[in-house]
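Chemist: This is the content of start.csv (CSV, C-alpha atoms and all ligand atoms):
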chain,number,residue,atom,x,y,z
A,35,MET,CA,-5.3,19.6,12.9
A,36,ILE,CA,-5.7,16.1,11.7
A,37,ILE,CA,-4.5,14.8,8.3
A,38,ALA,CA,-6.2,11.6,7.2
A,39,PRO,CA,-5.1,10.1,3.9
A,40,SER,CA,-7.8,8.0,2.3
A,41,LEU,CA,-6.9,4.4,1.5
A,42,LEU,CA,-9.3,4.5,-1.5
A,43,ALA,CA,-6.5,6.3,-3.4
A,44,ALA,CA,-3.8,3.8,-2.5
A,45,ASN,CA,-2.8,0.8,-4.6
A,46,PHE,CA,-5.5,-1.8,-4.0
A,47,GLY,CA,-3.1,-4.6,-4.4
A,48,GLN,CA,-0.8,-3.2,-1.7
A,49,PHE,CA,-3.0,-2.1,1.2
A,50,ALA,CA,-0.6,-3.3,3.9
A,51,LYS,CA,2.4,-1.6,2.3
A,52,GLU,CA,0.4,1.6,1.8
A,53,THR,CA,-0.9,1.6,5.4
A,54,VAL,CA,2.7,1.4,6.6
A,55,ARG,CA,3.7,4.1,4.2
A,56,ALA,CA,1.0,6.4,5.6
A,57,SER,CA,2.0,5.5,9.2
A,58,LYS,CA,5.7,6.3,8.5
A,59,ALA,CA,4.7,9.5,6.8
A,60,LYS,CA,3.1,10.5,10.1
A,61,ALA,CA,-0.5,10.7,9.0
A,62,ASP,CA,-2.7,11.3,12.0
A,63,TRP,CA,-5.6,9.1,10.9
A,64,LEU,CA,-6.2,6.6,8.1
A,65,HIS,CA,-9.5,7.2,6.4
A,66,LEU,CA,-11.2,3.9,5.3
A,67,ASP,CA,-14.0,4.3,2.7
A,68,ILE,CA,-16.6,1.5,2.9
A,69,MET,CA,-18.9,1.5,-0.2
A,70,ASP,CA,-21.7,-1.0,-0.7
A,71,GLY,CA,-22.6,-0.6,-4.3
A,72,HIS,CA,-26.1,0.6,-3.2
A,73,PHE,CA,-25.8,3.8,-1.1
A,74,VAL,CA,-23.1,4.8,-3.7
A,75,PRO,CA,-22.4,3.3,-7.1
A,76,ASN,CA,-19.1,1.7,-6.2
A,77,ILE,CA,-17.8,-1.1,-4.0
A,78,SER,CA,-14.6,-0.9,-2.0
A,79,PHE,CA,-13.7,-3.3,0.8
A,80,GLY,CA,-15.0,-4.8,4.0
A,81,PRO,CA,-14.1,-5.5,7.6
A,82,GLU,CA,-11.6,-8.3,6.8
A,83,VAL,CA,-9.3,-5.7,5.2
A,84,VAL,CA,-9.5,-3.5,8.3
A,85,ARG,CA,-8.8,-6.5,10.5
A,86,VAL,CA,-5.6,-7.4,8.6
A,87,LEU,CA,-4.4,-3.7,8.6
A,88,ARG,CA,-5.0,-3.1,12.3
A,89,PRO,CA,-1.8,-4.7,13.7
A,90,LEU,CA,0.3,-2.7,11.3
A,91,THR,CA,-0.1,0.8,12.8
A,92,LYS,CA,-1.3,2.8,15.8
A,93,MET,CA,-3.0,5.4,13.5
A,94,THR,CA,-6.7,6.1,14.3
A,95,PHE,CA,-8.9,4.1,11.8
A,96,ASP,CA,-11.5,6.5,10.6
A,97,VAL,CA,-14.2,4.3,9.0
A,98,HIS,CA,-16.6,6.1,6.6
A,99,LEU,CA,-19.6,4.0,6.0
A,100,MET,CA,-21.3,4.9,2.7
A,101,CYS,CA,-23.7,2.0,3.1
A,102,SER,CA,-27.5,1.6,3.0
A,103,LYS,CA,-27.6,-0.9,5.9
A,104,PRO,CA,-24.8,0.1,8.3
A,105,GLU,CA,-26.7,-1.7,11.1
A,106,ILE,CA,-25.3,-5.0,9.8
A,107,LEU,CA,-21.7,-3.7,9.5
A,108,LEU,CA,-21.2,-1.8,12.7
A,109,GLU,CA,-20.3,-4.7,14.9
A,110,PRO,CA,-18.0,-6.4,12.3
A,111,PHE,CA,-16.1,-3.1,11.8
A,112,ALA,CA,-15.8,-2.4,15.5
A,113,LYS,CA,-14.4,-5.9,16.0
A,114,ALA,CA,-12.0,-5.4,13.1
A,115,GLY,CA,-10.5,-2.4,14.8
A,116,ALA,CA,-12.3,0.8,13.8
A,117,ASP,CA,-11.7,3.7,16.2
A,118,LEU,CA,-14.3,5.9,14.7
A,119,MET,CA,-17.3,5.0,12.5
A,120,THR,CA,-19.2,7.6,10.5
A,121,ILE,CA,-22.7,7.0,9.1
A,122,HIS,CA,-24.7,9.3,6.8
A,123,VAL,CA,-27.5,11.6,7.9
A,124,GLU,CA,-29.3,10.7,4.6
A,125,LEU,CA,-30.4,7.5,6.4
A,126,GLY,CA,-33.1,9.6,8.0
A,127,GLU,CA,-35.1,8.2,10.9
A,128,ARG,CA,-32.6,5.4,11.5
A,129,VAL,CA,-29.8,7.9,12.4
A,130,PRO,CA,-30.4,8.2,16.2
A,131,GLN,CA,-30.4,4.4,16.7
A,132,LEU,CA,-27.3,4.0,14.6
A,133,LEU,CA,-25.4,6.7,16.5
A,134,TRP,CA,-26.4,5.0,19.8
A,135,LYS,CA,-25.3,1.6,18.4
A,136,ILE,CA,-21.8,2.9,17.4
A,137,ARG,CA,-21.4,4.5,20.9
A,138,SER,CA,-22.5,1.2,22.6
A,139,LEU,CA,-19.7,-0.6,20.7
A,140,GLY,CA,-17.1,1.6,22.4
A,141,VAL,CA,-16.2,3.4,19.1
A,142,LYS,CA,-16.2,7.1,18.4
A,143,VAL,CA,-19.3,8.4,16.6
A,144,GLY,CA,-19.3,10.3,13.3
A,145,LEU,CA,-22.1,11.7,11.1
A,146,ALA,CA,-21.7,12.7,7.5
A,147,VAL,CA,-23.7,14.9,5.2
A,148,ASN,CA,-23.8,14.8,1.4
A,149,PRO,CA,-23.6,17.8,-0.9
A,150,PRO,CA,-27.3,18.0,-1.9
A,151,THR,CA,-28.5,17.5,1.7
A,152,ALA,CA,-29.4,20.6,3.8
A,153,ILE,CA,-27.0,21.2,6.7
A,154,ALA,CA,-30.0,21.7,9.0
A,155,ASN,CA,-30.4,18.0,9.0
A,156,VAL,CA,-27.3,17.4,11.1
A,157,GLU,CA,-28.2,20.1,13.7
A,158,PRO,CA,-30.2,17.9,16.1
A,159,TYR,CA,-27.3,15.5,16.5
A,160,LEU,CA,-24.4,17.9,17.2
A,161,ASN,CA,-24.3,17.1,20.9
A,162,GLN,CA,-24.3,13.4,20.3
A,163,ILE,CA,-21.3,13.0,18.0
A,164,ASP,CA,-17.5,13.1,18.0
A,165,LEU,CA,-17.2,14.1,14.4
A,166,LEU,CA,-19.2,15.8,11.7
A,167,LEU,CA,-18.2,15.1,8.1
A,168,VAL,CA,-19.1,17.6,5.5
A,169,MET,CA,-18.8,15.8,2.1
A,170,THR,CA,-17.1,18.2,-0.4
A,171,VAL,CA,-17.9,15.8,-3.4
A,172,ASN,CA,-20.7,13.4,-4.0
A,173,PRO,CA,-19.5,10.2,-2.5
A,174,GLY,CA,-18.6,7.1,-4.5
A,175,PHE,CA,-15.3,7.9,-6.2
A,176,GLY,CA,-11.9,9.5,-5.5
A,177,GLY,CA,-10.4,12.1,-7.7
A,178,GLN,CA,-13.4,14.4,-8.1
A,179,PRO,CA,-13.2,18.2,-8.0
A,180,PHE,CA,-13.9,20.0,-4.7
A,181,ILE,CA,-17.4,21.6,-4.6
A,182,GLN,CA,-16.8,25.2,-3.5
A,183,GLU,CA,-20.5,25.6,-2.5
A,184,MET,CA,-19.8,23.4,0.5
A,185,LEU,CA,-17.7,26.1,2.3
A,186,PRO,CA,-20.8,27.9,3.8
A,187,LYS,CA,-21.9,24.6,5.2
A,188,ILE,CA,-18.5,24.2,7.0
A,189,GLN,CA,-18.9,27.8,8.3
A,190,GLN,CA,-22.3,27.0,9.6
A,191,VAL,CA,-21.2,23.9,11.5
A,192,ALA,CA,-18.2,25.7,12.9
A,193,ALA,CA,-20.5,28.5,14.1
A,194,TRP,CA,-22.9,26.0,15.8
A,195,ARG,CA,-19.9,24.3,17.4
A,196,ARG,CA,-18.6,27.6,18.7
A,197,GLU,CA,-21.9,28.9,20.0
A,198,ARG,CA,-22.7,25.7,21.8
A,199,GLY,CA,-19.3,25.1,23.2
A,200,LEU,CA,-19.0,21.7,21.5
A,201,ASN,CA,-15.8,20.1,20.5
A,202,PHE,CA,-16.5,17.5,17.8
A,203,HIS,CA,-14.1,17.2,14.9
A,204,LEU,CA,-15.2,19.0,11.7
A,205,GLU,CA,-14.0,16.9,8.9
A,206,VAL,CA,-14.0,17.5,5.1
A,207,ASP,CA,-13.7,14.8,2.5
A,208,GLY,CA,-13.5,15.0,-1.3
A,209,GLY,CA,-11.3,16.9,-3.6
A,210,ILE,CA,-9.1,18.0,-0.7
A,211,ASN,CA,-5.6,19.1,-1.9
A,212,GLN,CA,-3.1,21.7,-0.6
A,213,LYS,CA,-5.3,24.6,-1.8
A,214,THR,CA,-8.8,23.4,-0.9
A,215,ALA,CA,-7.6,22.2,2.5
A,216,VAL,CA,-6.6,25.8,3.3
A,217,GLU,CA,-10.0,27.1,2.1
A,218,CYS,CA,-11.7,24.5,4.4
A,219,ALA,CA,-9.5,25.4,7.4
A,220,ARG,CA,-10.4,29.1,6.9
A,221,ALA,CA,-14.1,28.0,7.0
A,222,GLY,CA,-13.5,26.1,10.3
A,223,ALA,CA,-12.6,22.5,9.4
A,224,ASP,CA,-9.9,20.8,11.5
A,225,THR,CA,-9.8,17.3,10.0
A,226,PHE,CA,-8.8,16.8,6.4
A,227,VAL,CA,-9.4,13.6,4.4
A,228,SER,CA,-7.3,13.5,1.2
A,229,GLY,CA,-7.0,10.6,-1.2
A,230,THR,CA,-5.6,11.4,-4.6
A,231,ALA,CA,-3.7,14.5,-3.5
A,232,LEU,CA,-1.7,12.6,-0.9
A,233,PHE,CA,-1.4,8.9,-1.9
A,234,GLY,CA,-0.4,10.1,-5.4
A,235,GLN,CA,2.8,11.7,-4.0
A,236,ARG,CA,6.1,9.9,-4.0
A,237,GLN,CA,7.0,11.9,-0.9
A,238,LEU,CA,3.9,11.3,1.2
A,239,GLY,CA,5.5,12.5,4.4
A,240,ARG,CA,6.4,15.8,2.9
A,241,ALA,CA,2.9,16.3,1.5
A,242,ILE,CA,1.3,15.5,4.8
A,243,THR,CA,3.6,17.9,6.7
A,244,LYS,CA,2.9,20.6,4.2
A,245,MET,CA,-0.8,20.2,4.4
A,246,ARG,CA,-0.7,20.1,8.2
A,247,GLU,CA,1.4,23.3,8.3
A,248,SER,CA,-0.7,25.2,5.8
A,249,VAL,CA,-4.0,24.4,7.5
A,250,THR,CA,-2.6,25.2,10.9
A,251,ARG,CA,-1.4,28.6,9.6
A,252,ALA,CA,-4.8,29.3,7.9
A,253,ALA,CA,-6.6,28.6,11.2
A,254,VAL,CA,-4.3,30.8,13.2
A,255,ASP,CA,-4.7,33.6,10.6
A,256,MET,CA,-8.5,33.3,10.9
A,257,ALA,CA,-8.5,33.4,14.7
A,258,PRO,CA,-8.4,37.2,15.1
A,259,SER,CA,-11.4,37.7,12.8
A,260,VAL,CA,-13.3,35.1,14.7
A,261,LEU,CA,-12.5,36.9,17.9
A,262,THR,CA,-13.6,40.2,16.4
A,263,LEU,CA,-16.9,38.7,15.2
A,264,THR,CA,-17.8,37.3,18.6
A,265,SER,CA,-16.6,40.2,20.8
A,301,LIG,C1,-15.4,9.8,-1.7
A,301,LIG,C2,-14.7,9.3,-0.5
A,301,LIG,C3,-13.4,10.0,-0.2
A,301,LIG,C4,-12.4,9.8,-1.2
A,301,LIG,C5,-11.7,11.1,-1.4
A,301,LIG,O1,-16.5,9.1,-1.9
A,301,LIG,O2,-15.5,9.4,0.7
A,301,LIG,O3,-12.9,9.6,1.1
A,301,LIG,O4,-11.4,8.8,-0.9
A,301,LIG,O5,-10.8,11.1,-2.4
A,301,LIG,P1,-10.1,12.4,-3.1
A,301,LIG,O6,-9.3,13.0,-2.0
A,301,LIG,O7,-9.3,11.8,-4.2
A,301,LIG,O8,-11.3,13.2,-3.5
A,302,ZN,ZN,-14.6,9.2,2.8
Take the structure from the file and write it as structure tokens.
Modeler:
Amino acid sequence: MIIAPSLLAANFGQFAKETVRASKAKADWLHLDIMDGHFVPNISFGPEVVRVLRPLTKMTFDVHLMCSKPEILLEPFAKAGADLMTIHVELGERVPQLLWKIRSLGVKVGLAVNPPTAIANVEPYLNQIDLLLVMTVNPGFGGQPFIQEMLPKIQQVAAWRRERGLNFHLEVDGGINQKTAVECARAGADTFVSGTALFGQRQLGRAITKMRESVTRAAVDMAPSVLTLTS
């Protein structure tokens, strides 16, 4: 189980300090939301921010590109220190080339799907990716409520993964707190992005440990029913 605090919910004037705080709090990954003011109606930060944060921690840098033209950003973010880069399936016919480009840069490959987009759109790519991100809010802003209707999508992706013997991460992002993380874990998610619910805590380490423990427990509790279903 991977807990990935989202820097979008940190203090924008103190990214270095907040990154060290997440690292000391034993976050597994740091989620970095890149917004271009076009694919989503908000702007966040660029490769230079990633570059200056890179030496501060060994955490995996999980770069989520909510951008209309990721092709111009892949190399700069790879050079800046991204370990994993996620592009959106909504980019349509450009997706195969973008996934290939990310791989060619020596970075792990992620694919994201927005709430209104049918989950069938990601199916052709499942054997080409290291991570599938099911958005559980419409991207653009932190602090939005979790969309319950996304749970069946997570279940569907988890079923495909199981049936095909694949092992990509199944990540959820948006409105993830201690309660919704457990619901997603029961549906099959293993990687949990959480902004507001984690960075808002004074005791970040405690909140991360609690989330990791409860999603691990939820997944273990679900294991027998999965076995029953498939046997
Ligand atoms: C939403 C971003 C998320 C965001 C999540 O567009 O992709 O990563 O930071 O924030 P919370 O956890 O506050 O919903
Ligand atoms: Zn994100």
Chemist: Counting all atoms listed in the file, which protein, DNA or RNA residues come within 6 Å of ligand ZN 302 (chain A), given as a JSON list (two decimals) with C-alpha atoms, keeping the file's coordinate frame?
Modeler:
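Saved to result.json:
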[["chain", "number", "residue", "atom", "x", "y", "z"],
["A", 67, "ASP", "CA", -14.00, 4.30, 2.70],
["A", 98, "HIS", "CA", -16.60, 6.10, 6.60],
["A", 207, "ASP", "CA", -13.70, 14.80, 2.50]]
Chemist: Select from chain A every residue with an atom at most 10 Å from any atom of ligand LIG 301 (chain A), then for each give the shortest pair of atoms and their distance in Å to one decimal, using all atoms listed in the file, rows by chain and rising number, as a Markdown table.
Modeler:
| residue | atom | partner | partner_atom | distance |
| --- | --- | --- | --- | --- |
| A:Ala38 | CA | A:LIG301 | O3 | 9.3 |
| A:Pro39 | CA | A:LIG301 | O6 | 7.8 |
| A:Ser40 | CA | A:LIG301 | O4 | 4.9 |
| A:Leu41 | CA | A:LIG301 | O4 | 6.7 |
| A:Leu42 | CA | A:LIG301 | O4 | 4.8 |
| A:Ala43 | CA | A:LIG301 | O4 | 6.0 |
| A:Ala44 | CA | A:LIG301 | O4 | 9.2 |
| A:His65 | CA | A:LIG301 | O3 | 6.7 |
| A:Leu66 | CA | A:LIG301 | O3 | 7.3 |
| A:Asp67 | CA | A:LIG301 | O3 | 5.6 |
| A:Ile68 | CA | A:LIG301 | O2 | 8.3 |
| A:Met69 | CA | A:LIG301 | O1 | 8.1 |
| A:Val74 | CA | A:LIG301 | O1 | 8.1 |
| A:Pro75 | CA | A:LIG301 | O1 | 9.8 |
| A:Asn76 | CA | A:LIG301 | O1 | 8.9 |
| A:Val97 | CA | A:LIG301 | O3 | 9.6 |
| A:His98 | CA | A:LIG301 | O2 | 6.8 |
| A:Leu99 | CA | A:LIG301 | O2 | 8.6 |
| A:Met100 | CA | A:LIG301 | O2 | 7.6 |
| A:Ala146 | CA | A:LIG301 | O2 | 9.8 |
| A:Asn148 | CA | A:LIG301 | O1 | 9.8 |
| A:Leu167 | CA | A:LIG301 | O2 | 9.7 |
| A:Met169 | CA | A:LIG301 | O2 | 7.3 |
| A:Thr170 | CA | A:LIG301 | O8 | 8.3 |
| A:Val171 | CA | A:LIG301 | C1 | 6.7 |
| A:Asn172 | CA | A:LIG301 | O1 | 6.4 |
| A:Pro173 | CA | A:LIG301 | O1 | 3.3 |
| A:Gly174 | CA | A:LIG301 | O1 | 3.9 |
| A:Phe175 | CA | A:LIG301 | O1 | 4.6 |
| A:Gly176 | CA | A:LIG301 | O5 | 3.7 |
| A:Gly177 | CA | A:LIG301 | O7 | 3.7 |
| A:Gln178 | CA | A:LIG301 | O8 | 5.2 |
| A:Pro179 | CA | A:LIG301 | O8 | 7.0 |
| A:Phe180 | CA | A:LIG301 | O8 | 7.4 |
| A:Val206 | CA | A:LIG301 | O3 | 8.9 |
| A:Asp207 | CA | A:LIG301 | O3 | 5.4 |
| A:Gly208 | CA | A:LIG301 | O8 | 3.6 |
| A:Gly209 | CA | A:LIG301 | O8 | 3.7 |
| A:Ile210 | CA | A:LIG301 | O6 | 5.2 |
| A:Asn211 | CA | A:LIG301 | O6 | 7.1 |
| A:Phe226 | CA | A:LIG301 | O6 | 9.2 |
| A:Val227 | CA | A:LIG301 | O3 | 6.3 |
| A:Ser228 | CA | A:LIG301 | O6 | 3.8 |
| A:Gly229 | CA | A:LIG301 | O6 | 3.4 |
| A:Thr230 | CA | A:LIG301 | O7 | 3.7 |
| A:Ala231 | CA | A:LIG301 | O6 | 6.0 |
| A:Leu232 | CA | A:LIG301 | O6 | 7.7 |
| A:Phe233 | CA | A:LIG301 | O7 | 8.7 |
| A:Gly234 | CA | A:LIG301 | O7 | 9.1 |
Chemist: Please report the interatomic distance between CA of Gln212 in chain A and CA of Leu64 in chain A in Å with one decimal.
Modeler: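 Distance between the two atoms: 17.7 Å.
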Chemist: Please report the interatomic distance between CA of Gly126 in chain A and CA of Ala114 in chain A in Å with one decimal.
Modeler: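 Here the two named atoms are 26.4 Å from each other.
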Chemist: Got a sec: who's within 12 Å of Met119 in chain A, counting all atoms listed in the file, leaving out chain neighbours fewer than 3 positions off, as a ChimeraX atom specification?
Modeler: /A:65-68,94-101,104-105,107-116,122,132-146,163-167
Chemist: A:His72, A:Arg55, A:Arg128, A:His203: which is nearest Met93 in chain A, counting all atoms listed in the file?
Modeler: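 For Met93 in chain A, the nearest of the given residues is A:Arg55.
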Chemist: Which value, in Å to one decimal, gives the distance between CA of Thr151 in chain A and CA of Gln182 in chain A?
Modeler: 14.9 Å
Chemist: Identify, on the basis of only C-alpha atoms, every residue whose closest approach to Leu200 in chain A does not exceed 10 Å; exclude the query and any residue fewer than 2 positions from it along the same chain; express the result as a ChimeraX atom specification.
Modeler: /A:160-164,192,194-198,202-203
Chemist: Let me make sure I understand: among A:Met256, A:Val168, A:Val83, A:Ile242, which one has the smallest atom-to-atom distance to Ala59 in chain A if we use only C-alpha atoms?
Modeler: A:Ile242
Chemist: List as a ChimeraX atom specification the protein and nucleic acid residues near Arg246 in chain A, meaning an atom at most 9 Å away when all atoms listed in the file are counted, but skip any in the same chain fewer than 2 places from it.
Modeler: /A:35-37,226,241-244,248-251
Chemist: With C-alpha atoms retained, write the just-selected residues as a compact mmCIF listing (two decimals), in the coordinates of the input.
Modeler:
# COMPACT_ATOMS: atom_id res chain seq x y z
CA MET A 35 -5.30 19.60 12.90
CA ILE A 36 -5.70 16.10 11.70
CA ILE A 37 -4.50 14.80 8.30
CA PHE A 226 -8.80 16.80 6.40
CA ALA A 241 2.90 16.30 1.50
CA ILE A 242 1.30 15.50 4.80
CA THR A 243 3.60 17.90 6.70
CA LYS A 244 2.90 20.60 4.20
CA SER A 248 -0.70 25.20 5.80
CA VAL A 249 -4.00 24.40 7.50
CA THR A 250 -2.60 25.20 10.90
CA ARG A 251 -1.40 28.60 9.60
Chemist: Could you tell me which of A:Leu238, A:Val254, A:Val147, A:Ala56 comes closest to Lys187 in chain A if we count all atoms listed in the file?
Modeler: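 Closest candidate: A:Val147.
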Chemist: Select, from A:Thr225, A:Leu125, A:Ala219, A:Ala154, the residue with the minimum atom-to-atom distance to Asp255 in chain A, counting only C-alpha atoms.
Modeler: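 With only C-alpha atoms as the atom set, the closest residue is A:Ala219.
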Chemist: Kindly output range 207-237 of chain A as an mmCIF file, in the frame of the given file, after building N, CA and C atoms.
Modeler:
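Result written to result_23.cif:
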data_model
loop_
_atom_site.group_PDB
_atom_site.id
_atom_site.type_symbol
_atom_site.label_atom_id
_atom_site.label_comp_id
_atom_site.auth_asym_id
_atom_site.auth_seq_id
_atom_site.Cartn_x
_atom_site.Cartn_y
_atom_site.Cartn_z
ATOM 1 N N ASP A 207 -14.097 15.979 3.231
ATOM 2 C CA ASP A 207 -13.700 14.800 2.500
ATOM 3 C C ASP A 207 -14.179 14.934 1.030
ATOM 4 N N GLY A 208 -13.215 14.914 0.107
ATOM 5 C CA GLY A 208 -13.500 15.000 -1.300
ATOM 6 C C GLY A 208 -12.878 16.158 -1.992
ATOM 7 N N GLY A 209 -11.946 15.865 -2.890
ATOM 8 C CA GLY A 209 -11.300 16.900 -3.600
ATOM 9 C C GLY A 209 -10.369 17.794 -2.751
ATOM 10 N N ILE A 210 -9.923 17.244 -1.626
ATOM 11 C CA ILE A 210 -9.100 18.000 -0.700
ATOM 12 C C ILE A 210 -7.605 17.919 -1.183
ATOM 13 N N ASN A 211 -7.046 19.066 -1.523
ATOM 14 C CA ASN A 211 -5.600 19.100 -1.900
ATOM 15 C C ASN A 211 -5.016 20.296 -1.081
ATOM 16 N N GLN A 212 -3.777 20.660 -1.387
ATOM 17 C CA GLN A 212 -3.100 21.700 -0.600
ATOM 18 C C GLN A 212 -3.917 23.006 -0.574
ATOM 19 N N LYS A 213 -4.539 23.322 -1.703
ATOM 20 C CA LYS A 213 -5.300 24.600 -1.800
ATOM 21 C C LYS A 213 -6.641 24.534 -1.152
ATOM 22 N N THR A 214 -7.414 23.485 -1.491
ATOM 23 C CA THR A 214 -8.800 23.400 -0.900
ATOM 24 C C THR A 214 -8.757 23.142 0.562
ATOM 25 N N ALA A 215 -7.721 22.457 1.040
ATOM 26 C CA ALA A 215 -7.600 22.200 2.500
ATOM 27 C C ALA A 215 -7.519 23.565 3.224
ATOM 28 N N VAL A 216 -6.765 24.487 2.679
ATOM 29 C CA VAL A 216 -6.600 25.800 3.300
ATOM 30 C C VAL A 216 -7.973 26.547 3.306
ATOM 31 N N GLU A 217 -8.703 26.454 2.196
ATOM 32 C CA GLU A 217 -10.000 27.100 2.100
ATOM 33 C C GLU A 217 -10.943 26.531 3.215
ATOM 34 N N CYS A 218 -10.880 25.200 3.399
ATOM 35 C CA CYS A 218 -11.700 24.500 4.400
ATOM 36 C C CYS A 218 -11.282 24.928 5.818
ATOM 37 N N ALA A 219 -9.980 25.041 6.025
ATOM 38 C CA ALA A 219 -9.500 25.400 7.400
ATOM 39 C C ALA A 219 -9.945 26.841 7.694
ATOM 40 N N ARG A 220 -9.926 27.726 6.712
ATOM 41 C CA ARG A 220 -10.400 29.100 6.900
ATOM 42 C C ARG A 220 -11.888 29.093 7.293
ATOM 43 N N ALA A 221 -12.638 28.101 6.746
ATOM 44 C CA ALA A 221 -14.100 28.000 7.000
ATOM 45 C C ALA A 221 -14.341 27.354 8.389
ATOM 46 N N GLY A 222 -13.324 26.713 8.952
ATOM 47 C CA GLY A 222 -13.500 26.100 10.300
ATOM 48 C C GLY A 222 -13.220 24.643 10.403
ATOM 49 N N ALA A 223 -12.837 23.978 9.295
ATOM 50 C CA ALA A 223 -12.600 22.500 9.400
ATOM 51 C C ALA A 223 -11.239 22.283 10.108
ATOM 52 N N ASP A 224 -11.154 21.135 10.770
ATOM 53 C CA ASP A 224 -9.900 20.800 11.500
ATOM 54 C C ASP A 224 -9.420 19.392 11.142
ATOM 55 N N THR A 225 -10.188 18.650 10.328
ATOM 56 C CA THR A 225 -9.800 17.300 10.000
ATOM 57 C C THR A 225 -9.963 17.103 8.482
ATOM 58 N N PHE A 226 -8.890 16.698 7.832
ATOM 59 C CA PHE A 226 -8.800 16.800 6.400
ATOM 60 C C PHE A 226 -8.537 15.396 5.791
ATOM 61 N N VAL A 227 -9.546 14.877 5.079
ATOM 62 C CA VAL A 227 -9.400 13.600 4.400
ATOM 63 C C VAL A 227 -8.871 13.928 2.981
ATOM 64 N N SER A 228 -7.833 13.240 2.568
ATOM 65 C CA SER A 228 -7.300 13.500 1.200
ATOM 66 C C SER A 228 -6.797 12.200 0.634
ATOM 67 N N GLY A 229 -7.354 11.849 -0.524
ATOM 68 C CA GLY A 229 -7.000 10.600 -1.200
ATOM 69 C C GLY A 229 -5.925 10.875 -2.268
ATOM 70 N N THR A 230 -6.421 11.240 -3.438
ATOM 71 C CA THR A 230 -5.600 11.400 -4.600
ATOM 72 C C THR A 230 -4.413 12.383 -4.385
ATOM 73 N N ALA A 231 -4.692 13.503 -3.703
ATOM 74 C CA ALA A 231 -3.700 14.500 -3.500
ATOM 75 C C ALA A 231 -2.531 14.082 -2.596
ATOM 76 N N LEU A 232 -2.790 13.055 -1.760
ATOM 77 C CA LEU A 232 -1.700 12.600 -0.900
ATOM 78 C C LEU A 232 -1.106 11.277 -1.369
ATOM 79 N N PHE A 233 -1.937 10.243 -1.557
ATOM 80 C CA PHE A 233 -1.400 8.900 -1.900
ATOM 81 C C PHE A 233 -0.677 8.999 -3.306
ATOM 82 N N GLY A 234 -1.046 9.979 -4.119
ATOM 83 C CA GLY A 234 -0.400 10.100 -5.400
ATOM 84 C C GLY A 234 1.023 10.679 -5.327
ATOM 85 N N GLN A 235 1.420 11.123 -4.138
ATOM 86 C CA GLN A 235 2.800 11.700 -4.000
ATOM 87 C C GLN A 235 3.820 10.700 -3.675
ATOM 88 N N ARG A 236 4.953 10.830 -4.308
ATOM 89 C CA ARG A 236 6.100 9.900 -4.000
ATOM 90 C C ARG A 236 6.544 10.224 -2.557
ATOM 91 N N GLN A 237 6.591 11.507 -2.210
ATOM 92 C CA GLN A 237 7.000 11.900 -0.900
ATOM 93 C C GLN A 237 5.809 12.198 -0.007
#
